[in-house]
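Raw my_file_6.csv, CSV, C-alpha atoms and all ligand atoms:
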```
chain,number,residue,atom,x,y,z
A,171,MET,CA,-153.3,9.4,168.8
A,172,ILE,CA,-155.7,12.3,169.3
A,173,ASP,CA,-157.3,12.5,172.7
A,174,PRO,CA,-160.6,14.4,172.5
A,175,TRP,CA,-160.6,15.2,176.2
A,176,SER,CA,-157.2,16.8,176.5
A,177,SER,CA,-155.2,17.3,173.4
A,178,ALA,CA,-154.0,20.6,172.0
A,179,ILE,CA,-153.5,20.2,168.3
A,180,LEU,CA,-151.7,22.9,166.4
A,181,ASN,CA,-150.2,21.3,163.4
A,182,TYR,CA,-153.1,21.4,161.0
A,183,GLU,CA,-151.2,20.4,157.8
A,184,LYS,CA,-150.0,17.2,159.5
A,185,LEU,CA,-153.6,16.3,160.3
A,186,ILE,CA,-154.5,16.7,156.7
A,187,GLU,CA,-151.7,14.4,155.6
A,188,GLU,CA,-151.9,11.8,158.4
A,189,PHE,CA,-155.6,11.4,159.0
A,190,GLY,CA,-156.9,11.9,155.5
A,191,ILE,CA,-158.8,15.1,156.2
A,192,LYS,CA,-159.2,17.0,153.0
A,193,PRO,CA,-158.4,20.7,152.5
A,194,PHE,CA,-161.6,22.8,152.7
A,195,HIS,CA,-160.5,25.5,150.3
A,196,ASP,CA,-160.8,23.0,147.4
A,197,LEU,CA,-164.6,23.2,147.9
A,198,LEU,CA,-164.9,27.0,148.4
A,199,GLY,CA,-165.7,27.7,144.8
A,200,ASP,CA,-168.8,25.4,144.9
A,201,LEU,CA,-170.4,27.2,147.9
A,202,GLU,CA,-172.9,30.0,147.6
A,203,ASN,CA,-172.0,32.8,150.1
A,204,PRO,CA,-169.5,30.8,152.1
A,205,HIS,CA,-169.3,31.8,155.8
A,206,ILE,CA,-166.3,34.1,156.5
A,207,LEU,CA,-164.8,31.3,158.7
A,208,MET,CA,-164.7,29.2,155.5
A,209,SER,CA,-163.5,31.9,153.1
A,210,ARG,CA,-160.8,33.1,155.6
A,211,GLY,CA,-159.4,29.5,156.1
A,212,VAL,CA,-160.5,29.1,159.8
A,213,ILE,CA,-162.4,26.1,158.7
A,214,PHE,CA,-159.5,24.3,157.1
A,215,GLY,CA,-160.5,20.7,156.5
A,216,HIS,CA,-163.4,18.3,155.9
A,217,ARG,CA,-164.5,14.8,155.3
A,218,ASP,CA,-167.0,14.2,152.5
A,219,TYR,CA,-168.4,17.8,152.7
A,220,GLY,CA,-169.2,17.5,148.9
A,221,ARG,CA,-172.4,15.7,150.0
A,222,ILE,CA,-173.5,18.7,152.0
A,223,VAL,CA,-172.6,21.1,149.2
A,224,LYS,CA,-174.7,19.0,146.8
A,225,ALA,CA,-177.7,18.9,149.3
A,226,MET,CA,-177.6,22.7,149.7
A,227,ARG,CA,-177.3,23.3,146.0
A,228,GLU,CA,-180.2,20.9,145.2
A,229,LYS,CA,-182.3,22.1,148.2
A,230,ASN,CA,-182.4,18.6,149.6
A,231,ASN,CA,-182.7,17.7,153.3
A,232,PHE,CA,-179.6,17.7,155.3
A,233,ALA,CA,-178.7,17.8,159.0
A,234,VAL,CA,-176.1,19.5,161.1
A,235,VAL,CA,-175.3,18.0,164.5
A,236,THR,CA,-173.1,19.7,167.1
A,237,GLY,CA,-173.1,19.0,170.8
A,238,MET,CA,-172.3,21.1,173.8
A,239,MET,CA,-170.8,19.7,176.9
A,240,PRO,CA,-172.2,21.7,179.8
A,241,SER,CA,-169.2,21.8,182.1
A,242,GLY,CA,-168.0,25.4,182.3
A,243,LYS,CA,-168.2,28.8,180.8
A,244,MET,CA,-168.5,29.5,177.1
A,245,HIS,CA,-165.5,31.4,175.7
A,246,ILE,CA,-165.3,33.4,172.5
A,247,GLY,CA,-163.7,30.5,170.7
A,248,HIS,CA,-167.0,28.5,171.2
A,249,LYS,CA,-168.8,31.2,169.3
A,250,MET,CA,-167.3,29.8,166.1
A,251,VAL,CA,-169.6,26.8,166.1
A,252,VAL,CA,-172.7,29.0,166.8
A,253,ASP,CA,-171.7,31.2,163.9
A,254,GLN,CA,-171.7,28.1,161.7
A,255,LEU,CA,-175.0,26.9,163.0
A,256,ILE,CA,-176.6,30.3,162.2
A,257,TRP,CA,-175.3,30.0,158.6
A,258,TYR,CA,-176.6,26.5,158.3
A,259,GLN,CA,-180.0,27.6,159.7
A,260,GLU,CA,-180.2,30.2,156.9
A,261,LYS,CA,-179.4,27.4,154.4
A,262,GLY,CA,-182.4,25.4,155.6
A,263,ALA,CA,-180.6,22.7,157.6
A,264,GLU,CA,-182.2,20.4,160.2
A,265,ILE,CA,-180.2,21.3,163.3
A,266,TYR,CA,-179.6,19.0,166.2
A,267,ILE,CA,-177.9,20.2,169.3
A,268,PRO,CA,-177.4,17.5,171.9
A,269,ILE,CA,-176.5,18.7,175.4
A,270,ALA,CA,-173.9,16.2,176.5
A,271,ASP,CA,-175.0,16.0,180.2
A,272,MET,CA,-174.1,12.2,180.2
A,273,GLU,CA,-170.6,13.1,179.1
A,274,SER,CA,-170.2,15.9,181.6
A,275,TYR,CA,-171.4,13.5,184.3
A,276,SER,CA,-169.0,10.7,183.4
A,277,ALA,CA,-166.0,12.8,182.4
A,278,ARG,CA,-166.3,15.7,184.8
A,279,GLY,CA,-168.6,14.5,187.6
A,280,ILE,CA,-171.3,17.1,187.0
A,281,ASP,CA,-174.8,16.1,188.1
A,282,PHE,CA,-177.7,16.2,185.6
A,283,PRO,CA,-179.6,19.1,187.2
A,284,GLU,CA,-176.4,21.2,187.4
A,285,ALA,CA,-175.6,20.3,183.8
A,286,LYS,CA,-179.1,21.4,182.8
A,287,ARG,CA,-178.7,24.8,184.6
A,288,ILE,CA,-175.3,25.4,182.9
A,289,ALA,CA,-176.8,24.4,179.5
A,290,ILE,CA,-179.6,27.0,179.9
A,291,ASP,CA,-177.7,29.9,181.5
A,292,GLU,CA,-174.3,29.5,179.8
A,293,TYR,CA,-175.0,27.9,176.4
A,294,ILE,CA,-178.5,28.1,175.1
A,295,SER,CA,-178.9,31.7,176.2
A,296,ASN,CA,-175.7,32.6,174.4
A,297,TYR,CA,-176.6,30.6,171.3
A,298,ILE,CA,-179.9,32.6,171.0
A,299,ALA,CA,-178.2,35.9,171.8
A,300,LEU,CA,-175.6,35.3,169.1
A,301,GLY,CA,-178.4,34.9,166.5
A,302,LEU,CA,-179.6,31.3,166.4
A,303,ASP,CA,-183.4,31.3,165.8
A,304,PRO,CA,-184.9,29.3,168.7
A,305,ASP,CA,-188.4,29.2,167.0
A,306,ASN,CA,-187.2,27.6,163.8
A,307,GLU,CA,-189.1,24.4,163.4
A,308,ASN,CA,-186.0,22.6,162.2
A,309,LEU,CA,-184.0,23.3,165.4
A,310,HIS,CA,-183.8,20.4,168.0
A,311,ILE,CA,-182.1,21.0,171.3
A,312,TYR,CA,-182.2,18.1,173.8
A,313,LEU,CA,-180.5,16.6,176.9
A,314,GLN,CA,-178.8,13.3,176.1
A,315,SER,CA,-180.1,11.8,179.3
A,316,GLU,CA,-183.7,12.5,178.3
A,317,ASN,CA,-183.6,11.4,174.7
A,318,LYS,CA,-184.8,7.8,174.6
A,319,THR,CA,-184.4,7.5,170.8
A,320,VAL,CA,-180.7,8.4,171.1
A,321,GLY,CA,-180.2,6.1,174.2
A,322,ASP,CA,-181.8,3.1,172.4
A,323,LEU,CA,-179.8,3.7,169.3
A,324,ALA,CA,-176.6,4.0,171.2
A,325,TYR,CA,-177.3,0.6,172.9
A,326,LYS,CA,-177.9,-1.1,169.6
A,327,LEU,CA,-174.8,0.5,168.0
A,328,ALA,CA,-172.6,-0.6,170.9
A,329,LYS,CA,-173.3,-4.2,169.9
A,330,LYS,CA,-170.7,-3.9,167.1
A,331,VAL,CA,-168.0,-2.0,169.0
A,332,ASN,CA,-165.5,-3.8,171.3
A,333,LEU,CA,-163.3,-2.7,174.2
A,334,ASN,CA,-160.0,-3.1,172.3
A,335,GLU,CA,-161.3,-0.7,169.7
A,336,MET,CA,-162.3,1.9,172.3
A,337,LYS,CA,-158.9,1.6,174.0
A,338,ALA,CA,-157.1,2.1,170.6
A,339,ILE,CA,-159.2,5.1,169.6
A,340,TYR,CA,-159.5,7.0,172.9
A,341,GLY,CA,-156.6,5.6,175.0
A,342,PHE,CA,-159.0,4.3,177.6
A,343,SER,CA,-157.3,2.0,180.2
A,344,GLY,CA,-158.4,-0.6,182.7
A,345,SER,CA,-159.2,2.1,185.2
A,346,THR,CA,-161.6,4.1,182.9
A,347,ASN,CA,-165.1,4.1,184.4
A,348,ILE,CA,-167.7,2.3,182.3
A,349,ALA,CA,-169.9,5.4,182.1
A,350,HIS,CA,-167.1,7.3,180.4
A,351,LEU,CA,-166.3,4.4,178.2
A,352,TYR,CA,-170.0,4.4,177.0
A,353,THR,CA,-170.4,8.1,176.3
A,354,PRO,CA,-168.7,8.1,172.9
A,355,LEU,CA,-171.5,5.6,171.8
A,356,ILE,CA,-174.1,8.1,172.9
A,357,GLN,CA,-172.3,10.7,170.8
A,358,VAL,CA,-172.3,8.4,167.8
A,359,ALA,CA,-176.0,8.0,168.3
A,360,ASP,CA,-176.5,11.8,168.5
A,361,ILE,CA,-174.8,12.1,165.1
A,362,LEU,CA,-176.6,9.2,163.4
A,363,HIS,CA,-180.2,9.4,164.9
A,364,PRO,CA,-181.4,12.2,162.5
A,365,GLN,CA,-181.2,9.5,159.8
A,366,LEU,CA,-183.6,7.1,161.5
A,367,GLU,CA,-186.8,6.4,159.6
A,368,GLU,CA,-189.0,8.2,162.3
A,369,LEU,CA,-186.9,11.4,161.7
A,370,GLY,CA,-187.1,11.4,157.9
A,371,GLY,CA,-184.6,8.6,157.0
A,372,PRO,CA,-181.1,8.7,155.7
A,373,LYS,CA,-179.8,12.1,154.8
A,374,PRO,CA,-176.4,13.9,154.5
A,375,THR,CA,-175.3,15.1,157.9
A,376,VAL,CA,-172.4,17.3,158.8
A,377,VAL,CA,-170.7,17.7,162.2
A,378,PRO,CA,-168.6,20.9,162.5
A,379,VAL,CA,-165.8,20.2,165.0
A,380,GLY,CA,-162.3,21.1,166.2
A,381,PRO,CA,-159.7,18.6,165.1
A,382,ASP,CA,-159.5,17.2,168.6
A,383,GLN,CA,-162.9,15.6,168.0
A,384,ASP,CA,-161.8,13.6,165.0
A,385,PRO,CA,-161.7,10.3,166.9
A,386,HIS,CA,-165.5,10.6,167.4
A,387,ILE,CA,-166.0,11.3,163.8
A,388,ARG,CA,-163.9,8.4,162.6
A,389,LEU,CA,-165.7,6.0,165.0
A,390,THR,CA,-169.1,7.3,163.9
A,391,ARG,CA,-168.3,6.9,160.2
A,392,ASP,CA,-167.0,3.3,160.8
A,393,ILE,CA,-170.1,2.4,162.8
A,394,ALA,CA,-172.4,3.9,160.2
A,395,GLU,CA,-170.9,1.5,157.7
A,396,ARG,CA,-171.1,-1.5,160.0
A,397,PHE,CA,-174.9,-0.9,160.3
A,398,GLY,CA,-175.2,-0.1,156.6
A,399,SER,CA,-177.7,-2.9,155.8
A,400,GLN,CA,-179.8,-2.3,158.9
A,401,PHE,CA,-180.2,1.5,158.8
A,402,ASN,CA,-178.9,2.6,155.4
A,403,PHE,CA,-177.0,5.4,157.2
A,404,ILE,CA,-175.1,7.9,154.9
A,405,SER,CA,-171.6,8.2,156.4
A,406,PRO,CA,-171.6,11.6,158.2
A,407,SER,CA,-169.5,14.4,156.9
A,408,SER,CA,-167.4,16.7,159.0
A,409,THR,CA,-165.6,20.1,158.9
A,410,TYR,CA,-162.6,21.1,161.0
A,411,HIS,CA,-161.9,24.6,162.4
A,412,ARG,CA,-158.7,26.0,163.8
A,413,PHE,CA,-158.7,26.7,167.5
A,414,ILE,CA,-158.6,30.3,168.6
A,415,THR,CA,-155.4,31.3,170.3
A,416,GLY,CA,-155.6,32.1,174.0
A,417,LEU,CA,-154.8,35.7,175.2
A,418,THR,CA,-151.4,34.6,176.4
A,419,GLY,CA,-150.5,32.5,173.3
A,420,GLY,CA,-151.3,28.7,173.4
A,421,LYS,CA,-154.9,27.4,173.3
A,422,MET,CA,-157.8,29.3,174.7
A,423,SER,CA,-159.4,27.2,177.4
A,424,SER,CA,-162.3,27.6,179.9
A,425,SER,CA,-160.3,25.8,182.5
A,426,LYS,CA,-157.5,28.5,182.2
A,427,PRO,CA,-159.3,31.8,182.8
A,428,LYS,CA,-156.2,33.9,182.0
A,429,THR,CA,-156.3,32.6,178.4
A,430,ALA,CA,-160.0,33.3,177.7
A,431,ILE,CA,-162.5,35.9,177.1
A,432,PHE,CA,-165.8,34.5,178.4
A,433,LEU,CA,-169.1,35.4,176.7
A,434,SER,CA,-170.4,36.2,180.1
A,435,ASP,CA,-167.6,38.7,180.8
A,436,SER,CA,-168.8,42.3,181.1
A,437,PRO,CA,-168.1,44.6,178.1
A,438,GLU,CA,-165.5,46.4,180.2
A,439,ILE,CA,-163.7,43.1,181.2
A,440,ALA,CA,-163.7,41.9,177.6
A,441,GLU,CA,-162.2,45.2,176.5
A,442,LYS,CA,-159.5,45.0,179.2
A,443,LYS,CA,-158.7,41.4,178.4
A,444,LEU,CA,-158.3,42.2,174.7
A,445,LYS,CA,-156.0,45.1,175.6
A,446,SER,CA,-153.8,42.7,177.5
A,447,ALA,CA,-153.6,40.1,174.7
A,448,LYS,CA,-150.3,39.0,173.2
A,449,THR,CA,-149.6,40.8,169.9
A,450,GLY,CA,-147.2,40.2,167.0
A,451,GLY,CA,-145.7,43.7,167.6
A,452,ARG,CA,-141.9,44.4,167.8
A,453,GLU,CA,-139.9,45.3,170.9
A,454,SER,CA,-139.8,49.0,170.1
A,455,LEU,CA,-141.9,51.5,168.1
A,456,SER,CA,-138.9,52.2,165.8
A,457,GLN,CA,-138.4,48.5,165.1
A,458,GLN,CA,-142.1,48.2,164.3
A,459,GLU,CA,-142.0,51.2,161.9
A,460,GLU,CA,-139.1,49.7,160.2
A,461,MET,CA,-140.0,46.0,160.1
A,462,GLY,CA,-143.8,46.0,160.5
A,463,GLY,CA,-145.7,43.6,162.8
A,464,VAL,CA,-146.5,40.0,162.4
A,465,PRO,CA,-150.3,39.6,162.3
A,466,GLU,CA,-150.0,35.8,162.0
A,467,ASP,CA,-148.6,35.8,165.6
A,468,CYS,CA,-151.1,38.3,167.0
A,469,VAL,CA,-154.1,37.4,169.1
A,470,VAL,CA,-155.7,40.8,168.4
A,471,TYR,CA,-155.5,40.2,164.7
A,472,GLU,CA,-157.0,36.8,165.2
A,473,MET,CA,-160.0,38.3,167.1
A,474,LEU,CA,-160.6,40.6,164.1
A,475,LEU,CA,-160.3,37.8,161.6
A,476,TYR,CA,-162.5,35.3,163.5
A,477,HIS,CA,-165.1,37.6,165.1
A,478,LEU,CA,-164.9,41.3,165.0
A,479,LEU,CA,-164.3,42.4,161.3
A,480,GLN,CA,-167.0,41.2,158.9
A,481,SER,CA,-165.6,43.3,156.0
A,482,ASP,CA,-162.8,41.5,154.1
A,483,VAL,CA,-161.6,44.9,152.7
A,484,LYS,CA,-161.1,46.3,156.2
A,485,LEU,CA,-159.4,43.1,157.4
A,486,LYS,CA,-157.0,43.2,154.5
A,487,GLU,CA,-156.3,46.9,155.2
A,488,THR,CA,-155.4,46.1,158.8
A,489,TYR,CA,-153.2,43.3,157.7
A,490,GLN,CA,-151.3,45.5,155.3
A,491,GLN,CA,-150.9,48.4,157.7
A,492,CYS,CA,-149.5,46.0,160.3
A,493,ARG,CA,-147.1,44.4,157.9
A,494,GLU,CA,-145.9,47.8,156.6
A,495,GLY,CA,-145.4,49.2,160.0
A,496,SER,CA,-147.8,52.1,159.4
A,497,VAL,CA,-149.9,51.3,162.4
A,498,MET,CA,-148.7,50.6,166.0
A,499,CYS,CA,-150.1,48.0,168.3
A,500,GLY,CA,-151.4,50.5,170.8
A,501,GLU,CA,-153.7,52.2,168.2
A,502,CYS,CA,-154.7,48.9,166.6
A,503,LYS,CA,-155.5,47.3,170.0
A,504,ALA,CA,-157.6,50.3,171.1
A,505,LYS,CA,-159.7,50.0,167.9
A,506,ALA,CA,-160.2,46.2,168.4
A,507,ALA,CA,-161.0,46.7,172.1
A,508,GLU,CA,-163.7,49.2,171.3
A,509,MET,CA,-165.2,46.8,168.8
A,510,ILE,CA,-165.2,44.0,171.4
A,511,LYS,CA,-166.8,46.2,174.0
A,512,ASP,CA,-169.6,47.2,171.6
A,513,PHE,CA,-170.1,43.5,170.7
A,514,PHE,CA,-170.3,42.4,174.3
A,515,LYS,CA,-172.7,45.2,175.2
A,516,ASP,CA,-175.1,44.0,172.5
A,517,LEU,CA,-174.6,40.4,173.5
A,518,GLU,CA,-175.2,41.1,177.2
A,519,MET,CA,-178.5,42.8,176.4
A,520,LYS,CA,-179.6,40.0,174.0
A,521,ARG,CA,-178.6,37.3,176.5
A,522,GLU,CA,-180.8,38.8,179.2
A,523,LYS,CA,-183.7,38.8,176.8
A,524,ALA,CA,-183.0,35.2,175.7
A,525,LYS,CA,-183.0,33.6,179.2
A,526,ASP,CA,-186.7,32.8,179.5
A,527,LYS,CA,-186.8,31.3,176.0
A,528,ALA,CA,-183.7,29.2,176.8
A,529,LYS,CA,-185.4,27.9,179.9
A,530,SER,CA,-188.6,27.0,178.0
A,531,ILE,CA,-186.6,24.9,175.5
A,532,LEU,CA,-185.5,22.4,178.1
A,533,ASN,CA,-188.7,22.4,180.2
B,1,LIG,S1,-150.4,46.3,164.7
B,1,LIG,FE1,-152.3,45.2,165.3
B,1,LIG,S2,-152.3,43.4,164.0
B,1,LIG,FE2,-150.2,44.2,164.0
B,1,LIG,S3,-149.2,43.1,165.6
B,1,LIG,FE3,-149.9,45.0,166.5
B,1,LIG,S4,-151.9,44.5,167.4
B,1,LIG,FE4,-151.4,42.9,166.0
```
Is it possible to give me this structure as structure tokens?
Amino acid sequence: MIDPWSSAILNYEKLIEEFGIKPFHDLLGDLENPHILMSRGVIFGHRDYGRIVKAMREKNNFAVVTGMMPSGKMHIGHKMVVDQLIWYQEKGAEIYIPIADMESYSARGIDFPEAKRIAIDEYISNYIALGLDPDNENLHIYLQSENKTVGDLAYKLAKKVNLNEMKAIYGFSGSTNIAHLYTPLIQVADILHPQLEELGGPKPTVVPVGPDQDPHIRLTRDIAERFGSQFNFISPSSTYHRFITGLTGGKMSSSKPKTAIFLSDSPEIAEKKLKSAKTGGRESLSQQEEMGGVPEDCVVYEMLLYHLLQSDVKLKETYQQCREGSVMCGECKAKAAEMIKDFFKDLEMKREKAKDKAKSILN
């Protein structure tokens, strides 16, 4: 069972085999200018993404839905979803960003006003600073607790879901509070509501997620089918991205500050954190010269691959130099740390400018 509130899933191949997620690289050739997260294999799997490829190719309407749970700080791993949203925005998608204040209330005990503040200061400001266009008419950001269309739909959909099913999917027990039990239904409604008649009717919809969120996707797809005759929903598609490794190995997590570079860190702190990250280097310089490093086990290399190096040629060069032992970790880290510092300087400035806009979106 995959638990979307706590699991750390690292065996991606197993997921593809066991849960019927399809490999993403099979579709790469059909995509015009795929995002680097796609071409570099960070997005590794999908369900029914062919529908989205077709909609983009034929310039038909399609939607992207991805929520944010306002419960803590955004770390650099969260940037991956924003990068995808920016790419989809350029492709003409209708973008829906639910702010899961109901989930953060039921699962983490955060009150609605505090969730709203976190959403504005931590999330929406960063989304805009990273490049999402807040003035695009196809962008819809909303608080779950204030969206009546979503609330009403969730209630209707809940009619065809029973307690045993929720227990089997999420591992809920007799002591799970009812609010927590209900929030997955709100998320299902978040994903399906762009297909309601008043929002343009059925359309292909994609949800970019980490694999830990697959239970929500499977439930949503099942429910879409159950209500097929009433709403004519098209079963939503999904893509799955790898998690970014934390600075100490393992998973990067906002609740474990030592593992994470937060987007609100100062450029100097981000630089320092990257310099302290675990690498795939050898024990001594002579060993590294002789055997080369292991970029596959290196957090610094991962940062370059996910976020810092846009050029495939330069990335390949770094990989080869590391493998050959012609570059040592000290030099390599120093270059990457400089890049992250510059990136954070720019982000800090843009985030400051974005704050008023972020506030106006929810007020
Ligand atoms: S040389 Fe660079 S990529 Fe290779 S292990 Fe060291 S830090 Fe990582």
**Q.** Top pick for closest residue to Arg221 of chain A, considering A:Leu323, A:Val497, A:Ile404, A:Ala289 and counting all atoms listed in the file
**A.** A:Ile404
Q) From the set A:Glu501, A:Ile339, A:Phe401, A:Ser425, which residue has the shortest atom-to-atom contact distance to Gln383 of chain A, counting all atoms listed in the file? A) A:Ile339
Q.
Can you pull out every residue with an atom within 7 Å of ligand LIG 1 (chain B)? Use only C-alpha atoms and all ligand atoms and format it as a PyMOL selection string.
A. chain A and resi 449-451+463-465+468-471+488-489+492-493+497-500+502-503
Output C-alpha atoms for every residue in that selection, as a compact mmCIF listing (two decimals), keeping the file's coordinate frame.
```
# COMPACT_ATOMS: atom_id res chain seq x y z
CA THR A 449 -149.60 40.80 169.90
CA GLY A 450 -147.20 40.20 167.00
CA GLY A 451 -145.70 43.70 167.60
CA GLY A 463 -145.70 43.60 162.80
CA VAL A 464 -146.50 40.00 162.40
CA PRO A 465 -150.30 39.60 162.30
CA CYS A 468 -151.10 38.30 167.00
CA VAL A 469 -154.10 37.40 169.10
CA VAL A 470 -155.70 40.80 168.40
CA TYR A 471 -155.50 40.20 164.70
CA THR A 488 -155.40 46.10 158.80
CA TYR A 489 -153.20 43.30 157.70
CA CYS A 492 -149.50 46.00 160.30
CA ARG A 493 -147.10 44.40 157.90
CA VAL A 497 -149.90 51.30 162.40
CA MET A 498 -148.70 50.60 166.00
CA CYS A 499 -150.10 48.00 168.30
CA GLY A 500 -151.40 50.50 170.80
CA CYS A 502 -154.70 48.90 166.60
CA LYS A 503 -155.50 47.30 170.00
```
Would you mind listing what lies within 12 Å of Pro364 of chain A as a short mmCIF file (atom, residue, chain, number, x, y, z; two decimals) with C-alpha atoms, in the coordinates of the input, with all atoms listed in the file counted and same-chain residues fewer than 2 positions away left out?
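Result file follows (around10.cif):
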```cif
data_model
loop_
_atom_site.label_atom_id
_atom_site.label_comp_id
_atom_site.auth_asym_id
_atom_site.auth_seq_id
_atom_site.Cartn_x
_atom_site.Cartn_y
_atom_site.Cartn_z
CA ASN A 231 -182.70 17.70 153.30
CA PHE A 232 -179.60 17.70 155.30
CA ALA A 233 -178.70 17.80 159.00
CA VAL A 234 -176.10 19.50 161.10
CA VAL A 235 -175.30 18.00 164.50
CA ALA A 263 -180.60 22.70 157.60
CA GLU A 264 -182.20 20.40 160.20
CA ILE A 265 -180.20 21.30 163.30
CA TYR A 266 -179.60 19.00 166.20
CA ILE A 267 -177.90 20.20 169.30
CA PRO A 268 -177.40 17.50 171.90
CA ASN A 308 -186.00 22.60 162.20
CA LEU A 309 -184.00 23.30 165.40
CA HIS A 310 -183.80 20.40 168.00
CA THR A 319 -184.40 7.50 170.80
CA VAL A 320 -180.70 8.40 171.10
CA LEU A 323 -179.80 3.70 169.30
CA VAL A 358 -172.30 8.40 167.80
CA ALA A 359 -176.00 8.00 168.30
CA ASP A 360 -176.50 11.80 168.50
CA ILE A 361 -174.80 12.10 165.10
CA LEU A 362 -176.60 9.20 163.40
CA LEU A 366 -183.60 7.10 161.50
CA GLU A 367 -186.80 6.40 159.60
CA GLU A 368 -189.00 8.20 162.30
CA LEU A 369 -186.90 11.40 161.70
CA GLY A 370 -187.10 11.40 157.90
CA GLY A 371 -184.60 8.60 157.00
CA PRO A 372 -181.10 8.70 155.70
CA LYS A 373 -179.80 12.10 154.80
CA PRO A 374 -176.40 13.90 154.50
CA THR A 375 -175.30 15.10 157.90
CA VAL A 376 -172.40 17.30 158.80
CA PHE A 401 -180.20 1.50 158.80
CA PHE A 403 -177.00 5.40 157.20
CA ILE A 404 -175.10 7.90 154.90
CA PRO A 406 -171.60 11.60 158.20
#
```
Q. Which residue out of A:Leu517, A:Met473, A:Met239, A:Ile222 has the minimum interatomic distance to Tyr275 of chain A when all atoms listed in the file are used?
A. A:Met239
Q | Given all atoms listed in the file as the counted atoms, nearest of A:Ser295, A:Thr353, A:Ser408, A:Ser241 to Pro193 of chain A | A |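 Among the listed residues, the smallest separation from Pro193 of chain A belongs to A:Ser408.
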Q.
Using Å and a single decimal, report how far atom CA of Lys529 of chain A sits from atom CA of Lys286 of chain A.
A.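 Taking atom CA of Lys286 of chain A and atom CA of Lys529 of chain A, their separation equals 9.5 Å.
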Q) By how many Å are atom CA of His363 of chain A and atom CA of Ser399 of chain A apart? A)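 Going from atom CA of His363 of chain A over to atom CA of Ser399 of chain A covers 15.5 Å.
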(Q) Between atom CA of Glu202 of chain A and atom CA of Glu260 of chain A, what is the distance in Å, rounded to a tenth? (A) 11.8 Å
Q | Distance criterion (only C-alpha atoms): nearest to Ile256 of chain A out of A:Tyr476, A:Tyr297, A:Phe397, A:Phe413 | A |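 Among A:Tyr476, A:Tyr297, A:Phe397, A:Phe413, it is A:Tyr297 that comes nearest to Ile256 of chain A.
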Q: Select, counting only C-alpha atoms, all protein, DNA and RNA residues no farther than 10 Å from (-169.6, 26.2, 184.7) in file coordinates, and express the selection as a PyMOL selection string.
A: chain A and resi 240-244+280+284-285+287-289+291-292+424-425
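Across A:Gly247, A:Tyr352, A:Thr409, A:Ile294, the tightest approach to Ile213 of chain A is made by A:Thr409 when counting all atoms listed in the file.
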Q) Counting all atoms listed in the file, what is within 9 Å of Pro354 of chain A, bar same-chain residues fewer than 6 positions away, as a VMD selection string? A) chain A and resid 273 336 386 389
Q: Determine, counting all atoms listed in the file, which protein, DNA and RNA residues have an atom within 10 Å of an atom of Asp253 of chain A; residues of the same chain fewer than 2 positions away are not included. Present the result as a list in words.
A: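 Counting all atoms listed in the file, the residues come to His205, Ile206, Leu207, His248, Lys249, Met250, Val251, Leu255, Ile256, Trp257, Tyr258, Gln259, Tyr297, Leu300, Gly301, Leu302 and His477 of chain A.
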Q) Which neighbours of Lys442 of chain A fall inside 10 Å, counting all atoms listed in the file, when residues of the same chain fewer than 3 positions from it are skipped, and could you give them as a list in words? A) Ile431, Ser436, Pro437, Glu438, Ile439, Lys445, Ser446, Ala447, Ala504, Ala507, Glu508, Ile510 and Lys511 of chain A
